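Data file: input-v4.cif. Format and content: mmCIF, N, CA and C atoms.
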data_query
#
loop_
_atom_site.label_atom_id
_atom_site.label_comp_id
_atom_site.auth_asym_id
_atom_site.auth_seq_id
_atom_site.Cartn_x
_atom_site.Cartn_y
_atom_site.Cartn_z
N MET A 300 121.03 315.41 188.32
CA MET A 300 120.13 316.47 187.93
C MET A 300 118.98 316.54 188.92
N THR A 301 118.60 317.74 189.29
CA THR A 301 117.46 317.93 190.19
C THR A 301 116.18 318.08 189.36
N ARG A 302 115.03 318.01 190.03
CA ARG A 302 113.75 318.20 189.33
C ARG A 302 113.65 319.61 188.77
N ALA A 303 114.17 320.59 189.51
CA ALA A 303 114.16 321.98 189.03
C ALA A 303 115.02 322.11 187.76
N GLU A 304 116.14 321.44 187.73
CA GLU A 304 117.00 321.49 186.54
C GLU A 304 116.34 320.81 185.35
N LEU A 305 115.62 319.71 185.62
CA LEU A 305 114.89 319.04 184.55
C LEU A 305 113.79 319.95 183.99
N THR A 306 113.08 320.64 184.88
CA THR A 306 112.06 321.60 184.43
C THR A 306 112.69 322.66 183.55
N GLU A 307 113.83 323.19 183.97
CA GLU A 307 114.53 324.21 183.18
C GLU A 307 114.94 323.65 181.81
N LYS A 308 115.41 322.41 181.78
CA LYS A 308 115.79 321.76 180.52
C LYS A 308 114.57 321.64 179.60
N ILE A 309 113.44 321.21 180.14
CA ILE A 309 112.22 321.04 179.35
C ILE A 309 111.75 322.39 178.80
N VAL A 310 111.69 323.39 179.66
CA VAL A 310 111.20 324.71 179.24
C VAL A 310 112.14 325.34 178.21
N THR A 311 113.44 325.21 178.41
CA THR A 311 114.41 325.75 177.44
C THR A 311 114.24 325.07 176.09
N HIS A 312 114.10 323.76 176.09
CA HIS A 312 113.90 323.01 174.83
C HIS A 312 112.61 323.45 174.15
N LYS A 313 111.56 323.62 174.95
CA LYS A 313 110.27 324.07 174.41
C LYS A 313 110.41 325.42 173.71
N ILE A 314 111.08 326.35 174.39
CA ILE A 314 111.25 327.70 173.83
C ILE A 314 112.11 327.66 172.57
N MET A 315 113.23 326.96 172.64
CA MET A 315 114.17 326.92 171.52
C MET A 315 113.56 326.26 170.28
N ASN A 316 112.60 325.36 170.49
CA ASN A 316 112.00 324.63 169.38
C ASN A 316 110.57 325.08 169.07
N GLU A 317 110.14 326.17 169.72
CA GLU A 317 108.81 326.75 169.49
C GLU A 317 107.69 325.72 169.58
N ILE A 318 107.74 324.95 170.66
CA ILE A 318 106.76 323.89 170.90
C ILE A 318 105.63 324.46 171.75
N LYS A 319 104.39 324.06 171.47
CA LYS A 319 103.24 324.49 172.26
C LYS A 319 102.85 323.38 173.24
N TRP A 320 102.53 323.79 174.46
CA TRP A 320 102.10 322.81 175.46
C TRP A 320 100.90 322.01 174.96
N SER A 321 99.98 322.65 174.26
CA SER A 321 98.79 321.95 173.79
C SER A 321 99.14 320.84 172.80
N ASP A 322 100.19 321.04 171.99
CA ASP A 322 100.62 319.99 171.06
C ASP A 322 101.20 318.79 171.81
N VAL A 323 101.96 319.07 172.85
CA VAL A 323 102.53 317.99 173.67
C VAL A 323 101.39 317.24 174.37
N ALA A 324 100.44 317.99 174.91
CA ALA A 324 99.31 317.38 175.63
C ALA A 324 98.52 316.44 174.74
N GLU A 325 98.35 316.83 173.49
CA GLU A 325 97.62 315.97 172.55
C GLU A 325 98.30 314.61 172.41
N LYS A 326 99.62 314.62 172.35
CA LYS A 326 100.38 313.36 172.21
C LYS A 326 100.39 312.56 173.51
N VAL A 327 100.32 313.27 174.64
CA VAL A 327 100.30 312.61 175.95
C VAL A 327 98.92 312.01 176.23
N GLY A 328 97.88 312.66 175.67
CA GLY A 328 96.52 312.18 175.88
C GLY A 328 95.88 312.78 177.12
N GLN A 329 96.37 313.95 177.55
CA GLN A 329 95.81 314.65 178.70
C GLN A 329 95.55 316.10 178.30
N SER A 330 94.92 316.85 179.19
CA SER A 330 94.65 318.26 178.90
C SER A 330 95.96 319.05 178.87
N LYS A 331 95.89 320.21 178.21
CA LYS A 331 97.08 321.08 178.16
C LYS A 331 97.43 321.58 179.56
N GLU A 332 96.42 321.79 180.39
CA GLU A 332 96.65 322.28 181.74
C GLU A 332 97.37 321.24 182.59
N TRP A 333 96.89 320.00 182.57
CA TRP A 333 97.52 318.94 183.36
C TRP A 333 98.92 318.63 182.84
N THR A 334 99.07 318.53 181.52
CA THR A 334 100.36 318.19 180.94
C THR A 334 101.39 319.27 181.26
N THR A 335 100.99 320.53 181.16
CA THR A 335 101.90 321.63 181.49
C THR A 335 102.31 321.54 182.95
N ALA A 336 101.34 321.34 183.84
CA ALA A 336 101.64 321.22 185.27
C ALA A 336 102.62 320.07 185.52
N ALA A 337 102.41 318.95 184.85
CA ALA A 337 103.29 317.79 185.03
C ALA A 337 104.71 318.10 184.56
N LEU A 338 104.83 318.72 183.40
CA LEU A 338 106.16 319.01 182.87
C LEU A 338 106.85 320.14 183.62
N LEU A 339 106.08 320.94 184.35
CA LEU A 339 106.66 321.98 185.21
C LEU A 339 106.91 321.47 186.63
N GLY A 340 106.67 320.19 186.87
CA GLY A 340 107.01 319.58 188.14
C GLY A 340 105.93 319.55 189.19
N GLN A 341 104.66 319.72 188.81
CA GLN A 341 103.58 319.77 189.79
C GLN A 341 102.67 318.55 189.78
N MET A 342 102.88 317.63 188.86
CA MET A 342 102.10 316.38 188.78
C MET A 342 103.08 315.26 188.45
N SER A 343 102.71 314.04 188.79
CA SER A 343 103.54 312.90 188.39
C SER A 343 102.91 312.22 187.18
N MET A 344 103.77 311.83 186.25
CA MET A 344 103.33 311.18 185.02
C MET A 344 103.58 309.68 185.11
N THR A 345 102.87 308.93 184.29
CA THR A 345 103.21 307.52 184.13
C THR A 345 104.41 307.45 183.19
N LYS A 346 105.02 306.30 183.11
CA LYS A 346 106.16 306.13 182.20
C LYS A 346 105.73 306.39 180.76
N ASP A 347 104.55 305.89 180.38
CA ASP A 347 104.05 306.11 179.02
C ASP A 347 103.81 307.59 178.75
N GLN A 348 103.25 308.30 179.72
CA GLN A 348 103.01 309.74 179.54
C GLN A 348 104.31 310.52 179.43
N ALA A 349 105.27 310.19 180.29
CA ALA A 349 106.57 310.88 180.26
C ALA A 349 107.29 310.63 178.95
N THR A 350 107.25 309.40 178.48
CA THR A 350 107.89 309.04 177.20
C THR A 350 107.18 309.73 176.04
N ALA A 351 105.85 309.75 176.07
CA ALA A 351 105.08 310.42 175.01
C ALA A 351 105.39 311.91 174.98
N ALA A 352 105.52 312.53 176.15
CA ALA A 352 105.84 313.96 176.22
C ALA A 352 107.22 314.23 175.64
N ALA A 353 108.18 313.42 176.04
CA ALA A 353 109.55 313.59 175.52
C ALA A 353 109.57 313.41 174.01
N ASN A 354 108.88 312.39 173.52
CA ASN A 354 108.84 312.15 172.07
C ASN A 354 108.14 313.30 171.34
N ALA A 355 107.06 313.79 171.90
CA ALA A 355 106.32 314.90 171.27
C ALA A 355 107.19 316.15 171.17
N MET A 356 108.07 316.31 172.14
CA MET A 356 108.94 317.49 172.15
C MET A 356 110.24 317.27 171.37
N GLY A 357 110.48 316.01 170.96
CA GLY A 357 111.75 315.71 170.32
C GLY A 357 112.89 315.86 171.31
N LEU A 358 112.63 315.51 172.54
CA LEU A 358 113.57 315.69 173.64
C LEU A 358 114.07 314.33 174.09
N ASN A 359 115.37 314.14 174.04
CA ASN A 359 115.97 312.87 174.43
C ASN A 359 116.22 312.89 175.94
N LEU A 360 115.34 312.24 176.69
CA LEU A 360 115.48 312.19 178.14
C LEU A 360 116.07 310.86 178.57
N SER A 361 116.95 310.90 179.56
CA SER A 361 117.56 309.68 180.10
C SER A 361 116.52 308.92 180.91
N PRO A 362 116.79 307.64 181.20
CA PRO A 362 115.88 306.90 182.08
C PRO A 362 115.70 307.58 183.44
N GLU A 363 116.76 308.21 183.95
CA GLU A 363 116.67 308.91 185.23
C GLU A 363 115.73 310.12 185.12
N GLU A 364 115.79 310.83 184.00
CA GLU A 364 114.92 312.00 183.80
C GLU A 364 113.46 311.57 183.64
N ILE A 365 113.25 310.46 182.93
CA ILE A 365 111.88 309.91 182.81
C ILE A 365 111.37 309.54 184.21
N ALA A 366 112.23 308.93 185.01
CA ALA A 366 111.85 308.55 186.38
C ALA A 366 111.49 309.78 187.20
N MET A 367 112.21 310.90 187.00
CA MET A 367 111.90 312.13 187.74
C MET A 367 110.51 312.63 187.38
N LEU A 368 110.12 312.50 186.11
CA LEU A 368 108.78 312.92 185.70
C LEU A 368 107.71 312.03 186.32
N MET A 369 108.09 310.82 186.73
CA MET A 369 107.16 309.87 187.33
C MET A 369 107.08 310.00 188.85
N THR A 370 107.98 310.78 189.44
CA THR A 370 108.06 310.91 190.90
C THR A 370 106.99 311.85 191.42
N VAL A 371 106.44 311.52 192.57
CA VAL A 371 105.46 312.40 193.21
C VAL A 371 106.17 313.70 193.58
N PRO A 372 105.65 314.84 193.13
CA PRO A 372 106.34 316.12 193.34
C PRO A 372 106.04 316.77 194.68
N SER A 373 106.83 317.78 195.00
CA SER A 373 106.48 318.71 196.09
C SER A 373 105.64 319.79 195.44
N ARG A 374 104.35 319.68 195.58
CA ARG A 374 103.44 320.61 194.91
C ARG A 374 103.40 321.97 195.60
N GLY A 375 103.04 322.97 194.80
CA GLY A 375 102.90 324.30 195.36
C GLY A 375 104.21 324.88 195.83
N SER A 376 105.28 324.47 195.20
CA SER A 376 106.61 324.87 195.66
C SER A 376 107.11 326.12 194.97
N LEU A 377 106.48 327.26 195.26
CA LEU A 377 106.98 328.53 194.76
C LEU A 377 108.14 328.97 195.63
N ASP A 378 109.07 329.71 195.03
CA ASP A 378 110.26 330.14 195.75
C ASP A 378 109.97 331.12 196.88
N ASN A 379 109.00 332.00 196.70
CA ASN A 379 108.70 333.05 197.68
C ASN A 379 107.30 332.86 198.25
N PRO A 380 107.09 333.23 199.53
CA PRO A 380 105.74 333.15 200.08
C PRO A 380 104.74 333.99 199.28
N VAL A 381 105.14 335.19 198.87
CA VAL A 381 104.31 336.02 198.02
C VAL A 381 104.97 336.01 196.64
N PRO A 382 104.28 335.49 195.62
CA PRO A 382 104.90 335.41 194.29
C PRO A 382 105.26 336.79 193.75
N THR A 383 106.38 336.86 193.04
CA THR A 383 106.80 338.13 192.46
C THR A 383 106.57 338.22 190.96
N ASP A 384 106.34 337.08 190.31
CA ASP A 384 106.00 337.12 188.89
C ASP A 384 104.65 337.83 188.75
N PRO A 385 104.54 338.84 187.88
CA PRO A 385 103.30 339.63 187.81
C PRO A 385 102.04 338.81 187.55
N LEU A 386 102.09 337.83 186.65
CA LEU A 386 100.88 337.05 186.37
C LEU A 386 100.50 336.19 187.57
N ILE A 387 101.47 335.52 188.16
CA ILE A 387 101.18 334.68 189.33
C ILE A 387 100.73 335.55 190.50
N TYR A 388 101.37 336.72 190.66
CA TYR A 388 100.98 337.63 191.73
C TYR A 388 99.52 338.06 191.57
N ARG A 389 99.08 338.33 190.34
CA ARG A 389 97.68 338.76 190.13
C ARG A 389 96.71 337.65 190.55
N LEU A 390 97.08 336.39 190.30
CA LEU A 390 96.22 335.30 190.76
C LEU A 390 96.22 335.24 192.30
N TYR A 391 97.38 335.45 192.88
CA TYR A 391 97.50 335.51 194.34
C TYR A 391 96.65 336.67 194.88
N GLU A 392 96.75 337.82 194.22
CA GLU A 392 95.98 338.99 194.61
C GLU A 392 94.48 338.71 194.50
N LEU A 393 94.10 338.01 193.44
CA LEU A 393 92.70 337.66 193.25
C LEU A 393 92.18 336.85 194.44
N VAL A 394 92.97 335.89 194.92
CA VAL A 394 92.57 335.09 196.06
C VAL A 394 92.58 335.95 197.33
N GLN A 395 93.57 336.86 197.45
CA GLN A 395 93.61 337.74 198.62
C GLN A 395 92.35 338.61 198.69
N VAL A 396 91.92 339.13 197.56
CA VAL A 396 90.77 340.03 197.53
C VAL A 396 89.44 339.25 197.58
N TYR A 397 89.34 338.19 196.78
CA TYR A 397 88.07 337.48 196.64
C TYR A 397 88.00 336.13 197.36
N GLY A 398 89.09 335.73 198.02
CA GLY A 398 89.11 334.43 198.70
C GLY A 398 87.99 334.26 199.70
N THR A 399 87.73 335.30 200.49
CA THR A 399 86.65 335.21 201.48
C THR A 399 85.29 335.14 200.80
N THR A 400 85.18 335.77 199.62
CA THR A 400 83.93 335.70 198.85
C THR A 400 83.74 334.29 198.29
N PHE A 401 84.81 333.72 197.72
CA PHE A 401 84.74 332.34 197.24
C PHE A 401 84.29 331.43 198.37
N LYS A 402 84.93 331.58 199.53
CA LYS A 402 84.64 330.74 200.69
C LYS A 402 83.18 330.89 201.13
N ALA A 403 82.73 332.13 201.26
CA ALA A 403 81.35 332.38 201.72
C ALA A 403 80.33 331.80 200.76
N LEU A 404 80.55 332.00 199.47
CA LEU A 404 79.56 331.53 198.49
C LEU A 404 79.59 330.01 198.35
N ILE A 405 80.77 329.40 198.42
CA ILE A 405 80.86 327.93 198.36
C ILE A 405 80.18 327.34 199.59
N GLU A 406 80.44 327.90 200.77
CA GLU A 406 79.82 327.38 201.99
C GLU A 406 78.31 327.57 201.99
N GLU A 407 77.84 328.69 201.43
CA GLU A 407 76.40 328.92 201.34
C GLU A 407 75.73 327.89 200.43
N GLU A 408 76.40 327.56 199.34
CA GLU A 408 75.84 326.61 198.37
C GLU A 408 76.00 325.16 198.79
N PHE A 409 77.17 324.81 199.37
CA PHE A 409 77.49 323.40 199.63
C PHE A 409 77.55 323.03 201.10
N GLY A 410 77.78 324.00 201.97
CA GLY A 410 77.97 323.71 203.39
C GLY A 410 79.43 323.84 203.78
N ASP A 411 79.75 323.32 204.96
CA ASP A 411 81.10 323.43 205.52
C ASP A 411 82.01 322.40 204.87
N GLY A 412 82.97 322.88 204.10
CA GLY A 412 83.88 321.98 203.41
C GLY A 412 84.86 322.75 202.54
N ILE A 413 85.50 322.02 201.64
CA ILE A 413 86.51 322.62 200.76
C ILE A 413 86.32 322.14 199.32
N MET A 414 86.95 322.83 198.41
CA MET A 414 87.01 322.38 197.02
C MET A 414 88.31 321.60 196.86
N SER A 415 88.21 320.41 196.35
CA SER A 415 89.38 319.56 196.18
C SER A 415 90.33 320.11 195.13
N ALA A 416 91.62 320.04 195.42
CA ALA A 416 92.64 320.32 194.42
C ALA A 416 93.22 319.01 193.91
N ILE A 417 92.67 317.90 194.37
CA ILE A 417 93.10 316.57 193.92
C ILE A 417 92.11 316.06 192.88
N ASP A 418 90.82 316.04 193.22
CA ASP A 418 89.78 315.68 192.26
C ASP A 418 89.36 316.99 191.61
N PHE A 419 90.13 317.41 190.61
CA PHE A 419 90.13 318.80 190.14
C PHE A 419 90.39 318.85 188.64
N GLU A 420 89.74 319.80 188.00
CA GLU A 420 90.01 320.08 186.58
C GLU A 420 90.17 321.58 186.41
N MET A 421 90.99 321.96 185.43
CA MET A 421 91.20 323.37 185.15
C MET A 421 91.18 323.54 183.64
N ASP A 422 90.64 324.67 183.20
CA ASP A 422 90.61 324.97 181.78
C ASP A 422 90.97 326.44 181.61
N ILE A 423 91.87 326.72 180.69
CA ILE A 423 92.28 328.09 180.40
C ILE A 423 91.99 328.37 178.94
N ASP A 424 91.22 329.41 178.70
CA ASP A 424 90.81 329.76 177.34
C ASP A 424 90.96 331.25 177.10
N ARG A 425 90.87 331.62 175.82
CA ARG A 425 90.87 333.01 175.39
C ARG A 425 89.47 333.34 174.90
N LYS A 426 88.97 334.51 175.30
CA LYS A 426 87.67 334.99 174.85
C LYS A 426 87.88 336.33 174.15
N ALA A 427 87.51 336.39 172.89
CA ALA A 427 87.67 337.62 172.12
C ALA A 427 86.79 338.72 172.70
N ASP A 428 87.33 339.92 172.77
CA ASP A 428 86.59 341.07 173.28
C ASP A 428 87.12 342.30 172.55
N PRO A 429 86.23 343.18 172.06
CA PRO A 429 86.68 344.37 171.33
C PRO A 429 87.60 345.28 172.15
N LYS A 430 87.48 345.23 173.48
CA LYS A 430 88.32 346.07 174.34
C LYS A 430 89.63 345.39 174.70
N GLY A 431 89.86 344.19 174.19
CA GLY A 431 91.06 343.40 174.51
C GLY A 431 90.65 342.01 174.91
N ASP A 432 91.33 341.01 174.37
CA ASP A 432 90.98 339.63 174.67
C ASP A 432 90.99 339.37 176.17
N ARG A 433 90.11 338.46 176.59
CA ARG A 433 89.93 338.12 178.00
C ARG A 433 90.52 336.75 178.28
N VAL A 434 91.03 336.57 179.48
CA VAL A 434 91.50 335.27 179.96
C VAL A 434 90.36 334.64 180.74
N VAL A 435 90.01 333.40 180.39
CA VAL A 435 88.96 332.67 181.10
C VAL A 435 89.60 331.47 181.78
N ILE A 436 89.57 331.48 183.10
CA ILE A 436 90.12 330.37 183.89
C ILE A 436 88.96 329.70 184.60
N THR A 437 88.75 328.42 184.33
CA THR A 437 87.71 327.65 184.99
C THR A 437 88.37 326.67 185.94
N LEU A 438 88.01 326.74 187.22
CA LEU A 438 88.50 325.81 188.23
C LEU A 438 87.32 324.94 188.64
N ASN A 439 87.46 323.64 188.54
CA ASN A 439 86.36 322.72 188.75
C ASN A 439 86.85 321.62 189.70
N GLY A 440 86.52 321.74 190.98
CA GLY A 440 86.96 320.76 191.97
C GLY A 440 85.80 320.14 192.71
N LYS A 441 85.96 318.90 193.07
CA LYS A 441 84.94 318.19 193.84
C LYS A 441 84.79 318.84 195.21
N PHE A 442 83.55 318.96 195.69
CA PHE A 442 83.31 319.47 197.04
C PHE A 442 83.54 318.37 198.04
N LEU A 443 84.32 318.67 199.08
CA LEU A 443 84.61 317.71 200.15
C LEU A 443 84.11 318.29 201.46
N PRO A 444 83.01 317.75 201.98
CA PRO A 444 82.48 318.28 203.25
C PRO A 444 83.35 317.83 204.44
N TYR A 445 83.43 318.70 205.44
CA TYR A 445 84.10 318.30 206.67
C TYR A 445 83.19 317.32 207.39
N LYS A 446 83.77 316.30 207.98
CA LYS A 446 83.01 315.28 208.68
C LYS A 446 82.96 315.57 210.17
N THR A 447 81.88 315.16 210.78
CA THR A 447 81.82 315.21 212.24
C THR A 447 82.09 313.81 212.74
N TYR A 448 82.70 313.73 213.90
CA TYR A 448 83.01 312.42 214.47
C TYR A 448 83.04 312.48 215.97
#

Could you quickly redo this structure as structure tokens?
Amino acid sequence: MTRAELTEKIVTHKIMNEIKWSDVAEKVGQSKEWTTAALLGQMSMTKDQATAAANAMGLNLSPEEIAMLMTVPSRGSLDNPVPTDPLIYRLYELVQVYGTTFKALIEEEFGDGIMSAIDFEMDIDRKADPKGDRVVITLNGKFLPYKTY
């Protein structure tokens, strides 16, 4: 079984059993964002986390499948250079339109550097609005200045 096939197995089981990522995350002891990323193949889990996730989902995973959840992934591995899924594309579009603004404002505030995607937290919430509920995405990464040498 490949990691992509394991992801498909996990997602299919989740859908068929009407499981919420947040419920699995609670049993794993991590955020819903991190746990979802891990189960979708973008983070590596410890053996205890992988076992807790499988148990929370009622999913019988083999030792090999648990080991796959523990393996360091190939992160950012989208199939296409430009995403075609509408929701992912809108996030891509957001970076295309506002990326230079993010960069300019971060550099003005912090200096020459980057926001870490390793020392990083993400939070996704719903905000009620009379004109239609809003999606609130908070990205919180450590600032890493470029060094001179």

Output of the PyMOL selection byres (((chain A and resi 319 and name CA) around 12) and name CA), listed as a PyMOL selection string
chain A and resi 309-310+312-318+320-326+331-332+334-335+352+355-356

Enumerate, as a PDB file with N, CA and C atoms, in the coordinates of the input, the residues matched when the PyMOL selection byres (((chain A and resi 412-426 and name CA) around 9) and name CA) is run on the file above.
ATOM      1  N   SER A 330      94.920 316.850 179.190  1.00  0.00           N
ATOM      2  CA  SER A 330      94.650 318.260 178.900  1.00  0.00           C
ATOM      3  C   SER A 330      95.960 319.050 178.870  1.00  0.00           C
ATOM      4  N   LYS A 331      95.890 320.210 178.210  1.00  0.00           N
ATOM      5  CA  LYS A 331      97.080 321.080 178.160  1.00  0.00           C
ATOM      6  C   LYS A 331      97.430 321.580 179.560  1.00  0.00           C
ATOM      7  N   GLU A 332      96.420 321.790 180.390  1.00  0.00           N
ATOM      8  CA  GLU A 332      96.650 322.280 181.740  1.00  0.00           C
ATOM      9  C   GLU A 332      97.370 321.240 182.590  1.00  0.00           C
ATOM     10  N   TRP A 333      96.890 320.000 182.570  1.00  0.00           N
ATOM     11  CA  TRP A 333      97.520 318.940 183.360  1.00  0.00           C
ATOM     12  C   TRP A 333      98.920 318.630 182.840  1.00  0.00           C
ATOM     13  N   LYS A 402      84.930 331.580 199.530  1.00  0.00           N
ATOM     14  CA  LYS A 402      84.640 330.740 200.690  1.00  0.00           C
ATOM     15  C   LYS A 402      83.180 330.890 201.130  1.00  0.00           C
ATOM     16  N   ILE A 405      80.770 329.400 198.420  1.00  0.00           N
ATOM     17  CA  ILE A 405      80.860 327.930 198.360  1.00  0.00           C
ATOM     18  C   ILE A 405      80.180 327.340 199.590  1.00  0.00           C
ATOM     19  N   GLU A 406      80.440 327.900 200.770  1.00  0.00           N
ATOM     20  CA  GLU A 406      79.820 327.380 201.990  1.00  0.00           C
ATOM     21  C   GLU A 406      78.310 327.570 201.990  1.00  0.00           C
ATOM     22  N   PHE A 409      77.170 324.810 199.370  1.00  0.00           N
ATOM     23  CA  PHE A 409      77.490 323.400 199.630  1.00  0.00           C
ATOM     24  C   PHE A 409      77.550 323.030 201.100  1.00  0.00           C
ATOM     25  N   GLY A 410      77.780 324.000 201.970  1.00  0.00           N
ATOM     26  CA  GLY A 410      77.970 323.710 203.390  1.00  0.00           C
ATOM     27  C   GLY A 410      79.430 323.840 203.780  1.00  0.00           C
ATOM     28  N   ASP A 411      79.750 323.320 204.960  1.00  0.00           N
ATOM     29  CA  ASP A 411      81.100 323.430 205.520  1.00  0.00           C
ATOM     30  C   ASP A 411      82.010 322.400 204.870  1.00  0.00           C
ATOM     31  N   ALA A 427      87.510 336.390 172.890  1.00  0.00           N
ATOM     32  CA  ALA A 427      87.670 337.620 172.120  1.00  0.00           C
ATOM     33  C   ALA A 427      86.790 338.720 172.700  1.00  0.00           C
ATOM     34  N   ASP A 428      87.330 339.920 172.770  1.00  0.00           N
ATOM     35  CA  ASP A 428      86.590 341.070 173.280  1.00  0.00           C
ATOM     36  C   ASP A 428      87.120 342.300 172.550  1.00  0.00           C
ATOM     37  N   ASP A 432      91.330 341.010 174.370  1.00  0.00           N
ATOM     38  CA  ASP A 432      90.980 339.630 174.670  1.00  0.00           C
ATOM     39  C   ASP A 432      90.990 339.370 176.170  1.00  0.00           C
ATOM     40  N   ARG A 433      90.110 338.460 176.590  1.00  0.00           N
ATOM     41  CA  ARG A 433      89.930 338.120 178.000  1.00  0.00           C
ATOM     42  C   ARG A 433      90.520 336.750 178.280  1.00  0.00           C
ATOM     43  N   VAL A 434      91.030 336.570 179.480  1.00  0.00           N
ATOM     44  CA  VAL A 434      91.500 335.270 179.960  1.00  0.00           C
ATOM     45  C   VAL A 434      90.360 334.640 180.740  1.00  0.00           C
ATOM     46  N   VAL A 435      90.010 333.400 180.390  1.00  0.00           N
ATOM     47  CA  VAL A 435      88.960 332.670 181.100  1.00  0.00           C
ATOM     48  C   VAL A 435      89.600 331.470 181.780  1.00  0.00           C
ATOM     49  N   ILE A 436      89.570 331.480 183.100  1.00  0.00           N
ATOM     50  CA  ILE A 436      90.120 330.370 183.890  1.00  0.00           C
ATOM     51  C   ILE A 436      88.960 329.700 184.600  1.00  0.00           C
ATOM     52  N   THR A 437      88.750 328.420 184.330  1.00  0.00           N
ATOM     53  CA  THR A 437      87.710 327.650 184.990  1.00  0.00           C
ATOM     54  C   THR A 437      88.370 326.670 185.940  1.00  0.00           C
ATOM     55  N   LEU A 438      88.010 326.740 187.220  1.00  0.00           N
ATOM     56  CA  LEU A 438      88.500 325.810 188.230  1.00  0.00           C
ATOM     57  C   LEU A 438      87.320 324.940 188.640  1.00  0.00           C
ATOM     58  N   ASN A 439      87.460 323.640 188.540  1.00  0.00           N
ATOM     59  CA  ASN A 439      86.360 322.720 188.750  1.00  0.00           C
ATOM     60  C   ASN A 439      86.850 321.620 189.700  1.00  0.00           C
ATOM     61  N   GLY A 440      86.520 321.740 190.980  1.00  0.00           N
ATOM     62  CA  GLY A 440      86.960 320.760 191.970  1.00  0.00           C
ATOM     63  C   GLY A 440      85.800 320.140 192.710  1.00  0.00           C
ATOM     64  N   LYS A 441      85.960 318.900 193.070  1.00  0.00           N
ATOM     65  CA  LYS A 441      84.940 318.190 193.840  1.00  0.00           C
ATOM     66  C   LYS A 441      84.790 318.840 195.210  1.00  0.00           C
ATOM     67  N   PHE A 442      83.550 318.960 195.690  1.00  0.00           N
ATOM     68  CA  PHE A 442      83.310 319.470 197.040  1.00  0.00           C
ATOM     69  C   PHE A 442      83.540 318.370 198.040  1.00  0.00           C
ATOM     70  N   LEU A 443      84.320 318.670 199.080  1.00  0.00           N
ATOM     71  CA  LEU A 443      84.610 317.710 200.150  1.00  0.00           C
ATOM     72  C   LEU A 443      84.110 318.290 201.460  1.00  0.00           C
ATOM     73  N   PRO A 444      83.010 317.750 201.980  1.00  0.00           N
ATOM     74  CA  PRO A 444      82.480 318.280 203.250  1.00  0.00           C
ATOM     75  C   PRO A 444      83.350 317.830 204.440  1.00  0.00           C
ATOM     76  N   TYR A 445      83.430 318.700 205.440  1.00  0.00           N
ATOM     77  CA  TYR A 445      84.100 318.300 206.670  1.00  0.00           C
ATOM     78  C   TYR A 445      83.190 317.320 207.390  1.00  0.00           C
ATOM     79  N   LYS A 446      83.770 316.300 207.980  1.00  0.00           N
ATOM     80  CA  LYS A 446      83.010 315.280 208.680  1.00  0.00           C
ATOM     81  C   LYS A 446      82.960 315.570 210.170  1.00  0.00           C
TER      82      LYS A 446
END

DSSP-assigned alpha helix (DSSP H) among chain A, expressed as a ChimeraX atom specification:
/A:302-315,320-327,331-338,346-356,362-369,385-409

Please report, as JSON, the centre and edge lengths in Å to one decimal of an axis-aligned box covering all listed atoms of segment 303-317 of chain A with 3 Å per side.
{"center_x": 112.3, "center_y": 323.4, "center_z": 179.3, "size_x": 15.3, "size_y": 14.7, "size_z": 26.4}

Quick one: residues within 12 Å of Glu304 of chain A, only C-alpha atoms counted, chain neighbours fewer than 2 positions away excluded, as a PyMOL selection string?
chain A and resi 300-302+306-311+338-340+364+367-368

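Atom to atom, atom CA of Ala351 of chain A and atom CA of Gln329 of chain A stand 10.8 Å apart.
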
Between atom CA of Pro362 of chain A and atom CA of Thr350 of chain A - distance in Å to one decimal
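About the pair atom CA of Thr350 of chain A and atom CA of Pro362 of chain A: they are 9.6 Å apart.
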
What is the atom N of Ala366 of chain A to atom C of Lys346 of chain A distance in Å?
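These atoms are spaced 8.2 Å apart.
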
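Scanning chain A with DSSP on the backbone, the strand (DSSP E) assignments fall on Gly412, Ile413, Met414, Ser415, Ala416, Ile417, Asp418, Phe419, Glu420, Met421, Asp422, Ile423, Asp424, Arg425, Lys426, Arg433, Val434, Val435, Ile436, Thr437, Leu438, Asn439, Gly440, Lys441, Phe442, Leu443 and Pro444 of chain A.
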
Let me make sure I understand: among A:Val327, A:Tyr448, A:Met344, A:Leu305, which one has the smallest atom-to-atom distance to Glu363 of chain A if we use only C-alpha atoms?
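Closest residue, counting only C-alpha atoms: A:Leu305.
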